[in-house]
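Source file: structure38.cif; contents: mmCIF, C-alpha atoms.
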```cif
data_run
loop_
_atom_site.label_atom_id
_atom_site.label_comp_id
_atom_site.auth_asym_id
_atom_site.auth_seq_id
_atom_site.Cartn_x
_atom_site.Cartn_y
_atom_site.Cartn_z
CA MET X 13 1.67 10.31 30.10
CA ASN X 14 0.43 8.68 26.99
CA ASP X 15 1.84 10.94 24.32
CA ALA X 16 0.60 8.92 21.36
CA PRO X 17 1.04 10.83 18.12
CA ASP X 18 -2.09 12.78 17.31
CA PRO X 19 -3.85 10.66 14.69
CA HIS X 20 -5.36 13.75 13.07
CA THR X 21 -1.96 14.73 11.72
CA LEU X 22 -1.73 11.44 9.83
CA VAL X 23 -4.51 12.44 7.44
CA GLY X 24 -2.05 14.09 5.02
CA PRO X 25 0.26 11.11 4.60
CA TYR X 26 -2.80 8.83 4.61
CA VAL X 27 -4.43 10.38 1.55
CA LEU X 28 -1.12 10.08 -0.32
CA ASP X 29 -0.69 6.42 0.71
CA ALA X 30 2.46 7.50 2.50
CA LEU X 31 1.77 5.67 5.76
CA PRO X 32 3.50 2.36 6.42
CA PRO X 33 0.95 -0.46 6.90
CA GLY X 34 0.93 -0.34 10.70
CA GLU X 35 0.17 3.34 10.86
CA ARG X 36 -2.31 3.01 8.02
CA ASP X 37 -4.26 0.49 10.08
CA LEU X 38 -4.01 2.71 13.12
CA PHE X 39 -5.29 5.71 11.21
CA GLU X 40 -8.12 3.77 9.58
CA ASP X 41 -9.21 2.64 13.03
CA HIS X 42 -9.25 6.25 14.09
CA LEU X 43 -10.98 7.28 10.87
CA SER X 44 -13.87 4.92 11.50
CA ARG X 45 -14.57 6.79 14.74
CA CYS X 46 -13.80 10.40 13.76
CA PRO X 47 -16.32 12.18 11.50
CA GLU X 48 -14.05 15.21 11.32
CA CYS X 49 -11.20 13.19 9.86
CA GLN X 50 -13.60 11.39 7.53
CA ALA X 51 -14.68 14.71 6.04
CA GLU X 52 -11.12 15.95 5.75
CA ALA X 53 -9.86 12.69 4.26
CA ALA X 54 -12.63 12.68 1.66
CA GLU X 55 -11.76 16.19 0.51
CA LEU X 56 -8.03 15.61 0.49
CA LEU X 57 -8.45 12.32 -1.38
CA ALA X 58 -10.33 14.26 -4.05
CA ALA X 59 -7.43 16.71 -4.26
CA ALA X 60 -4.95 13.82 -4.44
CA ALA X 61 -7.00 12.30 -7.26
CA HIS X 62 -6.33 15.47 -9.27
CA LEU X 63 -2.60 14.81 -8.90
CA GLY X 64 -3.33 11.40 -10.39
CA GLN X 65 -5.49 12.70 -13.21
CA ALA X 66 -2.70 15.00 -14.29
CA THR X 67 -0.64 11.90 -15.15
CA ALA X 68 -3.18 10.40 -17.56
CA VAL X 69 -1.71 8.71 -20.62
CA VAL X 70 -3.00 6.74 -23.57
CA PRO X 71 -3.51 3.20 -22.30
CA PRO X 72 -1.90 0.37 -24.27
CA ALA X 73 -4.25 -0.80 -26.98
CA ALA X 74 -4.32 -4.40 -25.76
CA LEU X 75 -5.32 -3.50 -22.23
CA ARG X 76 -8.96 -2.84 -23.01
CA ALA X 77 -9.60 -6.30 -24.44
CA GLN X 78 -7.66 -7.95 -21.60
CA VAL X 79 -9.67 -6.16 -18.94
CA LEU X 80 -13.03 -6.73 -20.61
CA THR X 81 -12.25 -10.42 -21.08
CA GLU X 82 -11.38 -10.75 -17.40
CA VAL X 83 -14.49 -8.82 -16.42
CA ALA X 84 -16.66 -11.26 -18.35
CA ARG X 85 -15.52 -14.06 -16.06
CA THR X 86 -15.17 -12.21 -12.79
CA ARG X 87 -17.88 -12.11 -10.15
CA GLN X 88 -18.64 -8.82 -8.49
CA VAL X 89 -18.53 -8.40 -4.74
CA ALA X 90 -21.90 -8.22 -2.99
CA PRO X 91 -22.97 -4.68 -2.04
CA GLY X 92 -22.32 -3.54 1.48
CA ARG X 93 -19.20 -5.62 1.93
CA ARG X 94 -15.89 -3.98 2.28
CA PRO X 95 -13.45 -6.57 1.14
CA ALA X 96 -9.91 -6.57 2.31
CA GLY X 97 -7.54 -5.65 -0.44
CA VAL X 98 -8.63 -2.32 -1.72
CA ASP X 99 -10.20 0.58 0.03
CA GLY X 100 -9.29 -0.96 3.33
CA SER X 101 -6.26 -2.98 2.27
CA ARG X 102 -5.51 -4.09 5.79
CA ARG X 103 -2.44 -6.03 6.61
CA SER X 104 -2.39 -7.44 10.03
CA ARG X 105 0.52 -6.48 12.22
CA PRO X 106 -1.04 -6.69 15.62
CA TRP X 107 1.97 -5.52 17.54
CA VAL X 108 2.28 -2.30 15.66
CA ALA X 109 -0.61 -0.32 17.05
CA PRO X 110 0.37 -0.57 20.69
CA LEU X 111 3.94 0.18 19.74
CA VAL X 112 2.98 3.35 17.98
CA ALA X 113 0.39 4.30 20.50
CA ALA X 114 2.67 3.92 23.44
CA ALA X 115 4.58 6.96 24.41
CA MET X 116 8.02 6.45 25.73
CA VAL X 117 9.37 9.17 27.85
CA ALA X 118 12.93 9.93 28.67
CA VAL X 119 14.82 12.86 29.92
CA LEU X 120 17.17 14.39 27.51
CA ALA X 121 19.49 16.03 29.94
CA ALA X 122 21.57 18.27 27.76
CA VAL X 123 25.33 18.42 27.94
CA GLY X 124 28.87 18.32 25.59
CA ALA X 125 29.93 16.65 22.43
CA ILE X 126 31.22 13.29 21.51
CA ALA X 127 31.81 11.57 18.27
CA LEU X 128 29.48 9.08 16.75
CA GLN X 129 30.87 5.72 15.99
CA ALA X 130 33.20 6.14 13.08
CA ASP X 131 30.90 4.63 10.55
CA HIS X 132 31.62 4.99 6.93
CA ARG X 133 29.29 7.77 5.93
CA ALA X 134 27.85 6.18 2.82
CA ASP X 135 27.34 2.80 4.44
CA ARG X 136 25.73 4.51 7.32
CA ALA X 137 23.29 6.40 5.13
CA GLU X 138 22.34 3.20 3.39
CA GLU X 139 21.83 1.33 6.63
CA LEU X 140 19.71 4.14 7.96
CA ALA X 141 17.60 4.19 4.82
CA ALA X 142 17.10 0.42 4.97
CA VAL X 143 15.78 0.57 8.53
CA ILE X 144 13.68 3.66 8.01
CA SER X 145 12.12 2.38 4.83
CA ALA X 146 11.48 -1.16 6.13
CA PRO X 147 7.83 -2.11 5.69
CA ASP X 148 7.49 -2.68 9.42
CA ALA X 149 9.30 0.48 10.49
CA GLN X 150 7.45 2.48 13.09
CA GLU X 151 8.16 5.78 14.71
CA VAL X 152 8.11 5.96 18.47
CA GLU X 153 8.30 9.36 20.03
CA VAL X 154 10.55 9.76 23.02
CA SER X 155 9.95 12.97 24.85
CA GLY X 156 10.98 14.53 28.08
CA GLU X 157 11.93 17.82 29.60
CA GLY X 158 14.96 18.06 27.36
CA GLY X 159 12.96 17.88 24.17
CA THR X 160 11.58 15.32 21.80
CA MET X 161 13.30 12.77 19.67
CA SER X 162 12.04 9.71 17.99
CA LEU X 163 13.09 6.19 17.39
CA VAL X 164 12.27 4.53 14.11
CA VAL X 165 12.00 0.90 15.03
CA SER X 166 12.18 -2.00 12.60
CA PRO X 167 11.77 -5.46 14.14
CA SER X 168 12.59 -7.13 10.82
CA HIS X 169 15.97 -5.40 10.77
CA GLY X 170 16.43 -5.87 14.49
CA SER X 171 17.52 -2.29 14.76
CA SER X 172 16.32 1.22 15.45
CA VAL X 173 17.30 4.66 14.29
CA VAL X 174 17.52 7.60 16.66
CA VAL X 175 16.09 10.67 14.96
CA ALA X 176 16.29 14.13 16.50
CA ASP X 177 16.57 17.68 15.31
CA GLY X 178 17.55 20.84 17.08
CA MET X 179 19.10 18.82 19.86
CA ALA X 180 21.49 20.52 22.24
CA PRO X 181 24.97 19.04 22.28
CA PRO X 182 25.97 17.09 25.40
CA PRO X 183 28.48 18.78 27.74
CA GLU X 184 32.18 18.67 26.94
CA GLY X 185 33.57 15.16 27.35
CA LYS X 186 30.11 13.61 27.55
CA THR X 187 27.83 11.74 25.20
CA TYR X 188 24.22 10.73 25.08
CA ALA X 189 23.50 7.08 25.71
CA LEU X 190 20.42 5.13 24.72
CA TRP X 191 19.10 2.41 27.03
CA PHE X 192 16.39 -0.17 26.55
CA ASP X 193 14.72 -1.88 29.45
CA GLU X 194 15.19 -5.62 28.96
CA ASP X 195 13.48 -7.73 31.61
CA GLY X 196 13.84 -5.01 34.16
CA VAL X 197 17.48 -4.30 33.43
CA MET X 198 18.57 -1.22 31.55
CA VAL X 199 20.85 -2.27 28.70
CA LEU X 200 23.04 0.14 26.74
CA HIS X 201 22.17 0.13 23.03
CA GLY X 202 24.44 2.84 21.75
CA THR X 203 25.67 6.35 22.17
CA PHE X 204 24.97 9.33 20.01
CA ALA X 205 25.49 13.06 19.73
CA PRO X 206 23.95 15.65 17.44
CA ASP X 207 25.97 17.05 14.56
CA ASP X 208 26.66 20.76 14.20
CA ASP X 209 23.08 21.37 13.08
CA GLY X 210 21.68 19.61 16.12
CA SER X 211 20.51 16.69 14.03
CA VAL X 212 20.83 13.04 14.99
CA ARG X 213 20.45 10.03 12.69
CA THR X 214 22.06 7.08 14.41
CA ARG X 215 21.31 3.43 13.97
CA VAL X 216 21.47 1.18 17.00
CA GLU X 217 21.14 -2.57 17.25
CA GLY X 218 17.98 -3.91 18.80
CA VAL X 219 14.41 -2.76 19.13
CA PRO X 220 12.86 -1.57 22.37
CA VAL X 221 10.19 -3.72 23.94
CA ASP X 222 9.63 -1.61 27.01
CA VAL X 223 11.01 1.57 28.49
CA VAL X 224 13.51 3.63 26.57
CA GLY X 225 15.88 5.95 28.37
CA VAL X 226 18.45 8.53 27.46
CA THR X 227 21.27 9.53 29.78
CA VAL X 228 24.38 11.63 29.65
CA GLU X 229 27.53 9.56 30.09
CA ASP X 230 31.27 10.07 29.94
CA ALA X 231 32.42 9.96 26.36
CA GLY X 232 34.62 7.06 25.32
CA THR X 233 33.41 4.72 28.03
CA THR X 234 30.95 1.85 27.96
CA PRO X 235 28.88 2.31 31.06
CA ALA X 236 27.38 -0.85 32.52
CA GLU X 237 24.46 0.95 34.02
CA PRO X 238 22.78 4.25 33.39
CA ASN X 239 24.04 7.32 35.08
CA LEU X 240 21.08 8.03 37.32
CA PRO X 241 18.98 9.92 38.03
CA LEU X 242 17.02 9.57 34.86
CA SER X 243 13.76 10.68 36.25
CA PRO X 244 11.15 11.34 35.26
CA TRP X 245 11.10 8.18 33.26
CA ALA X 246 7.78 6.96 32.24
CA SER X 247 7.30 3.43 31.33
CA SER X 248 5.22 2.54 28.37
CA ASP X 249 2.86 -0.35 28.41
CA LEU X 250 4.73 -2.27 25.77
CA THR X 251 5.34 -5.89 26.39
CA ALA X 252 7.87 -8.15 24.83
CA SER X 253 5.27 -10.26 23.12
CA ARG X 254 3.68 -7.34 21.38
CA CYS X 255 6.80 -6.03 19.88
CA GLN X 256 8.84 -9.05 19.06
CA ALA X 257 10.46 -9.26 15.69
CA PRO X 258 8.36 -11.33 13.31
CA MET D 26 1.11 15.79 -30.52
CA GLY D 27 -0.81 14.01 -33.28
CA LEU D 28 -1.44 10.89 -31.26
CA ALA D 29 -2.38 12.76 -28.14
CA ARG D 30 -4.74 14.97 -30.06
CA ARG D 31 -6.54 12.04 -31.55
CA HIS D 32 -7.21 10.67 -28.10
CA LEU D 33 -8.21 13.95 -26.59
CA ARG D 34 -11.69 13.58 -27.92
CA SER D 35 -12.25 10.43 -25.94
CA VAL D 36 -11.14 12.03 -22.69
CA PRO D 37 -13.93 14.10 -21.21
CA ALA D 38 -13.73 16.98 -18.80
CA THR D 39 -13.20 16.02 -15.18
CA GLY D 40 -16.74 16.90 -14.20
CA GLY D 41 -17.19 13.25 -13.51
CA GLY D 42 -20.97 13.14 -13.71
CA ASP D 43 -20.82 10.56 -16.48
CA ALA D 44 -18.36 8.44 -14.59
CA ASP D 45 -20.58 8.40 -11.50
CA GLU D 46 -23.56 7.35 -13.57
CA LEU D 47 -21.58 4.63 -15.35
CA LEU D 48 -20.24 3.34 -12.06
CA ALA D 49 -23.77 3.09 -10.66
CA ARG D 50 -24.78 1.01 -13.67
CA THR D 51 -21.61 -1.07 -13.42
CA ALA D 52 -22.53 -1.76 -9.81
CA ARG D 53 -25.67 -3.46 -11.09
CA GLY D 54 -23.61 -5.80 -13.26
CA ASP D 55 -23.89 -3.83 -16.50
CA ALA D 56 -20.76 -4.83 -18.46
CA GLU D 57 -21.50 -2.37 -21.23
CA ALA D 58 -21.53 0.48 -18.76
CA PHE D 59 -18.23 -0.80 -17.45
CA ALA D 60 -16.71 -0.74 -20.93
CA ALA D 61 -17.70 2.93 -21.24
CA LEU D 62 -16.35 3.59 -17.77
CA TYR D 63 -13.10 1.92 -18.80
CA ASP D 64 -12.71 4.49 -21.58
CA LEU D 65 -13.18 7.33 -19.11
CA VAL D 66 -10.89 6.20 -16.31
CA SER D 67 -8.24 3.94 -17.85
CA PRO D 68 -5.96 6.85 -18.93
CA THR D 69 -5.73 8.00 -15.30
CA VAL D 70 -5.26 4.46 -13.98
CA VAL D 71 -2.45 3.73 -16.43
CA GLY D 72 -0.94 7.18 -15.85
CA ILE D 73 -0.79 6.77 -12.08
CA ALA D 74 0.57 3.24 -12.34
CA ARG D 75 3.32 4.27 -14.75
CA ARG D 76 4.30 7.34 -12.77
CA VAL D 77 4.57 5.49 -9.48
CA VAL D 78 5.72 2.03 -10.58
CA ARG D 79 7.80 3.34 -13.46
CA ASP D 80 8.57 0.04 -15.14
CA PRO D 81 5.91 0.17 -17.90
CA HIS D 82 5.40 -3.59 -17.99
CA GLN D 83 4.79 -3.86 -14.25
CA ALA D 84 2.76 -0.68 -14.32
CA ASP D 85 0.40 -2.07 -16.93
CA GLU D 86 -0.06 -5.20 -14.84
CA VAL D 87 -1.03 -3.00 -11.92
CA ALA D 88 -3.39 -1.00 -14.14
CA GLN D 89 -5.10 -4.19 -15.28
CA GLU D 90 -5.57 -5.34 -11.68
CA VAL D 91 -6.97 -1.95 -10.71
CA LEU D 92 -9.47 -1.84 -13.55
CA LEU D 93 -10.65 -5.32 -12.70
CA GLU D 94 -11.02 -4.22 -9.09
CA VAL D 95 -13.18 -1.34 -10.23
CA TRP D 96 -15.53 -3.85 -11.82
CA ARG D 97 -15.42 -6.26 -8.88
CA LEU D 98 -15.87 -3.65 -6.17
CA ALA D 99 -18.30 -1.35 -7.99
CA PRO D 100 -21.25 -2.63 -5.90
CA THR D 101 -19.44 -1.58 -2.71
CA HIS D 102 -18.77 1.99 -3.79
CA ASP D 103 -20.50 4.50 -1.56
CA ARG D 104 -21.42 7.55 -3.61
CA THR D 105 -21.81 9.68 -0.53
CA LYS D 106 -18.12 9.21 0.30
CA GLY D 107 -16.63 10.43 -2.94
CA SER D 108 -16.89 10.58 -6.69
CA CYS D 109 -16.15 7.70 -9.02
CA ARG D 110 -13.05 9.44 -10.33
CA THR D 111 -11.66 9.96 -6.85
CA TRP D 112 -12.46 6.38 -5.93
CA VAL D 113 -10.73 4.94 -8.98
CA ALA D 114 -7.66 7.18 -8.60
CA THR D 115 -7.44 6.18 -4.94
CA ILE D 116 -7.50 2.47 -5.75
CA ALA D 117 -4.97 2.95 -8.54
CA HIS D 118 -2.54 4.88 -6.39
CA ARG D 119 -2.76 2.48 -3.50
CA ARG D 120 -2.22 -0.53 -5.73
CA ALA D 121 0.73 1.13 -7.43
CA VAL D 122 2.29 1.97 -4.09
CA ASP D 123 1.70 -1.56 -2.81
CA ARG D 124 3.53 -2.91 -5.83
CA VAL D 125 6.44 -0.57 -5.33
CA ARG D 126 6.80 -1.49 -1.68
CA SER D 127 6.40 -5.20 -2.17
CA GLU D 128 9.92 -5.86 -3.31
CA GLN D 129 12.87 -5.33 -1.05
CA ALA D 130 15.31 -4.98 -3.92
CA GLU D 131 13.18 -2.45 -5.65
CA ARG D 132 12.80 -0.47 -2.47
CA ASP D 133 16.52 -0.41 -1.82
CA ARG D 134 17.16 0.77 -5.33
CA ARG D 135 14.62 3.53 -4.93
CA VAL D 136 16.07 4.73 -1.67
CA ARG D 137 19.50 4.90 -3.29
CA ASP D 138 18.09 6.75 -6.25
CA ALA D 139 15.91 8.96 -4.14
CA GLU D 140 17.58 12.29 -4.75
CA ARG D 141 17.52 11.82 -8.46
CA THR D 142 13.95 10.62 -8.79
CA GLY D 143 12.03 13.03 -6.62
CA ALA D 144 10.54 15.17 -9.33
CA PRO D 145 7.78 13.72 -11.46
CA ASP D 146 9.59 13.51 -14.78
CA PRO D 147 7.46 13.01 -17.80
CA ASP D 148 7.41 9.40 -18.90
CA PRO D 149 9.02 9.29 -22.34
CA VAL D 150 7.21 6.21 -23.56
CA SER D 151 3.72 7.31 -22.58
CA THR D 152 1.60 9.75 -24.50
CA PRO D 153 -0.16 12.15 -22.18
CA VAL D 154 -3.87 12.57 -22.71
CA THR D 155 -4.78 14.85 -19.86
CA ARG D 156 -6.40 17.98 -21.16
CA GLU D 157 -3.86 20.73 -21.10
CA ASP D 158 -6.00 23.15 -19.08
CA GLU D 159 -6.56 20.45 -16.51
CA ARG D 160 -2.86 19.68 -16.23
CA GLN D 161 -2.08 23.39 -15.99
CA GLU D 162 -4.59 23.69 -13.19
CA VAL D 163 -2.74 21.07 -11.16
CA VAL D 164 0.63 22.63 -11.98
CA ALA D 165 -0.69 26.04 -10.94
CA ALA D 166 -2.15 24.62 -7.74
CA LEU D 167 1.16 22.96 -6.88
CA GLY D 168 2.82 26.30 -7.58
CA GLN D 169 0.84 27.86 -4.76
CA LEU D 170 2.45 25.60 -2.19
CA THR D 171 5.64 26.32 -0.32
CA ASP D 172 8.67 24.46 -1.69
CA LEU D 173 8.62 22.11 1.24
CA GLN D 174 4.92 21.35 0.92
CA ARG D 175 5.30 20.69 -2.79
CA GLN D 176 8.40 18.53 -2.41
CA THR D 177 6.94 16.37 0.32
CA ILE D 178 3.70 15.87 -1.61
CA GLU D 179 5.42 15.07 -4.89
CA LEU D 180 7.80 12.60 -3.29
CA ALA D 181 4.97 10.89 -1.45
CA TYR D 182 2.43 10.83 -4.28
CA TYR D 183 4.49 10.53 -7.44
CA GLY D 184 7.52 8.91 -5.85
CA GLY D 185 5.46 6.46 -3.82
CA TYR D 186 7.58 7.01 -0.71
CA THR D 187 6.36 6.70 2.85
CA TYR D 188 6.53 9.89 4.84
CA ALA D 189 9.43 8.41 6.80
CA GLN D 190 11.32 7.92 3.54
CA VAL D 191 10.42 11.45 2.51
CA ALA D 192 11.78 12.70 5.83
CA ASP D 193 14.96 10.75 5.23
CA ILE D 194 15.41 12.04 1.70
CA LEU D 195 14.82 15.66 2.66
CA GLU D 196 16.57 15.28 6.03
CA LEU D 197 13.60 16.60 7.92
CA PRO D 198 12.00 15.44 11.17
CA LEU D 199 9.09 13.05 10.71
CA GLY D 200 6.69 15.41 12.43
CA THR D 201 7.60 18.21 10.06
CA VAL D 202 6.94 16.05 7.02
CA LYS D 203 3.56 14.95 8.39
CA THR D 204 2.39 18.50 8.93
CA ARG D 205 3.85 19.86 5.67
CA ILE D 206 2.01 17.19 3.72
CA ARG D 207 -1.25 17.90 5.47
CA ASP D 208 -0.95 21.69 5.18
CA GLY D 209 0.05 21.33 1.54
CA MET D 210 -2.87 19.06 0.73
CA ILE D 211 -5.29 21.48 2.37
CA ARG D 212 -3.88 24.30 0.28
CA LEU D 213 -4.05 22.14 -2.83
CA ARG D 214 -7.68 21.31 -2.08
CA ASP D 215 -8.48 25.03 -1.77
CA ALA D 216 -6.57 25.89 -4.94
CA LEU D 217 -8.34 23.19 -6.92
CA GLU D 218 -11.67 23.97 -5.26
CA VAL D 219 -12.48 20.32 -4.90
CA GLY D 220 -15.21 18.95 -2.74
CA ALA D 221 -15.23 15.38 -1.60
#
```
Could you rewrite the structure in this file as structure tokens?
Amino acid sequence: MNDAPDPHTLVGPYVLDALPPGERDLFEDHLSRCPECQAEAAELLAAAAHLGQATAVVPPAALRAQVLTEVARTRQVAPGRRPAGVDGSRRSRPWVAPLVAAAMVAVLAAVGAIALQADHRADRAEELAAVISAPDAQEVEVSGEGGTMSLVVSPSHGSSVVVADGMAPPPEGKTYALWFDEDGVMVLHGTFAPDDDGSVRTRVEGVPVDVVGVTVEDAGTTPAEPNLPLSPWASSDLTASRCQAP
Amino acid sequence: MGLARRHLRSVPATGGGDADELLARTARGDAEAFAALYDLVSPTVVGIARRVVRDPHQADEVAQEVLLEVWRLAPTHDRTKGSCRTWVATIAHRRAVDRVRSEQAERDRRVRDAERTGAPDPDPVSTPVTREDERQEVVAALGQLTDLQRQTIELAYYGGYTYAQVADILELPLGTVKTRIRDGMIRLRDALEVGA
């Protein structure tokens, strides 16, 4: 049930500093317990360092004196400590780990095509980028018998982006609908359909705090409740307090 | 080339033995050793900061912070976990990336400019000092990757993008980007024959 993303796969982005802070913390937690990943990370960090060395340039002449002057009045850290800031640069976002770790499951019952909201394409791309690149953005995988999609969730933006590839179109006259469980009630947060390539990039208002569900609904309507059955839905163990916007 | 050539003498091969030794002495509070270490690693620190941060003024601020961190944290460096050069490059890259991500405006600009700025263009105001054979080695190693592996790695490392941003720029699923980066880094490691 708990389909948390395999932390081993995060080692690549980790060594390139390409994880957002929440996932970085999550991976470093994992790293401290996984000798295999420690060995791999050490080797890949050495390879990444070569990418850095290839950029070497002549430092500005004044820099040397500035640094050495600062050094003369700067205390060193005692051995054995691992200060926050470098190496472990941990930023605390306590709600993130459970959010990422939790797997949300939904059935993607496949059926026919419907239009996305008629967003202006450029605006839409910019909005998507803003949510996806937010410092607190986290990916939550949503998987079921119909396939896997993910939600990139940004509490600071108060919105989420549905991301899927290779998704079958809904049946003629139907659309996919995204529901979030809010205090036990399923609330509609948007509809979406894949483009001709089967790809979905749709922003919806709100961030999930509990179960996420996907249903197939009549296109052009605003259903008040999900078109059941949705099973098998699996609830995650998210709670509102863990995942509230900061 | 004149300027670069003059500085080439002060930039040693990447063997790194000297740097490790100097770091060990720095860890014991030896400021003279640190000054020598500065000469070895500052070109890389400044290079990474300028490539990732881009604005030379901000980049040099980052470089100064990083070099001071190297002094401050030297006693905590664990030699068994990696070489001095890897350690310094890791700190420099992380600091540069932190700087880039710290400003909302900057981030928005970068996302807008993403398509244009993916490739690591040479910085016109900086004089490269990397030894040519060493640079060629990295270029050759990158050439052994698939296009997708190389693009994802360059965007993440030189562009300073998160893998989610990389996925967005290249219009790929997040999972694909994660695995391409990892596979690519493994191939790069093998091509460069680097140990930890």
Please report as CSV every residue of chain X lying within 6 Å of chain D, along with the nearest atom pair and their distance in Å (one decimal), using all atoms listed in the file.
```
residue,atom,partner,partner_atom,distance
X:Gly24,CA,D:Arg207,CA,3.9
X:Leu28,CA,D:Tyr182,CA,5.4
X:Ala30,CA,D:Thr187,CA,4.0
X:Leu31,CA,D:Thr187,CA,5.5
X:Ala54,CA,D:Ala221,CA,5.0
X:Glu55,CA,D:Ala221,CA,4.1
X:Ala58,CA,D:Thr111,CA,5.3
X:Ala59,CA,D:Arg214,CA,5.1
X:Ala61,CA,D:Thr111,CA,5.2
X:Gly64,CA,D:Ile73,CA,5.5
X:Gln65,CA,D:Thr69,CA,5.1
X:Ala66,CA,D:Arg160,CA,5.1
X:Thr67,CA,D:Gly72,CA,4.8
X:Ala68,CA,D:Thr69,CA,4.2
X:Val69,CA,D:Pro153,CA,4.1
X:Val70,CA,D:Pro68,CA,5.5
X:Pro71,CA,D:Pro68,CA,5.5
X:Gln88,CA,D:Arg97,CA,4.1
X:Val89,CA,D:Arg97,CA,5.6
X:Pro91,CA,D:Pro100,CA,4.7
X:Gly92,CA,D:Thr101,CA,5.4
X:Ser145,CA,D:Gln190,CA,5.7
```
(request) Skip range 40-46 of chain X itself and residues of its chain fewer than 6 positions away, then list as a list in words all residues within 9 Å of it, counting all atoms listed in the file. (result)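 My reading of the contact set: Pro19, His20, Val23, Tyr26, Ala53 and Gly100 of chain X.
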(request) Can you turn the PyMOL selection byres ((chain X and resi 150) around 7) into a concrete residue list for this file, as a VMD selection string? (result) chain X and resid 112 148 to 149 151 to 152 164 to 166
Suppose we keep C-alpha atoms; can you now write the selection as a short mmCIF file (atom, residue, chain, number, x, y, z; two decimals), in the frame of the given file?
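After the write, selection-v7.cif holds the following:
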```cif
data_model
loop_
_atom_site.label_atom_id
_atom_site.label_comp_id
_atom_site.auth_asym_id
_atom_site.auth_seq_id
_atom_site.Cartn_x
_atom_site.Cartn_y
_atom_site.Cartn_z
CA VAL X 112 2.98 3.35 17.98
CA ASP X 148 7.49 -2.68 9.42
CA ALA X 149 9.30 0.48 10.49
CA GLU X 151 8.16 5.78 14.71
CA VAL X 152 8.11 5.96 18.47
CA VAL X 164 12.27 4.53 14.11
CA VAL X 165 12.00 0.90 15.03
CA SER X 166 12.18 -2.00 12.60
#
```
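Neighbours of Pro235 in chain X closer than or equal to 10 Å, with only C-alpha atoms counted and sequence neighbours fewer than 4 positions away skipped, come out as X:Ala189, X:Val199, X:Leu200, X:Glu229, X:Asp230, X:Ala231, X:Asn239.
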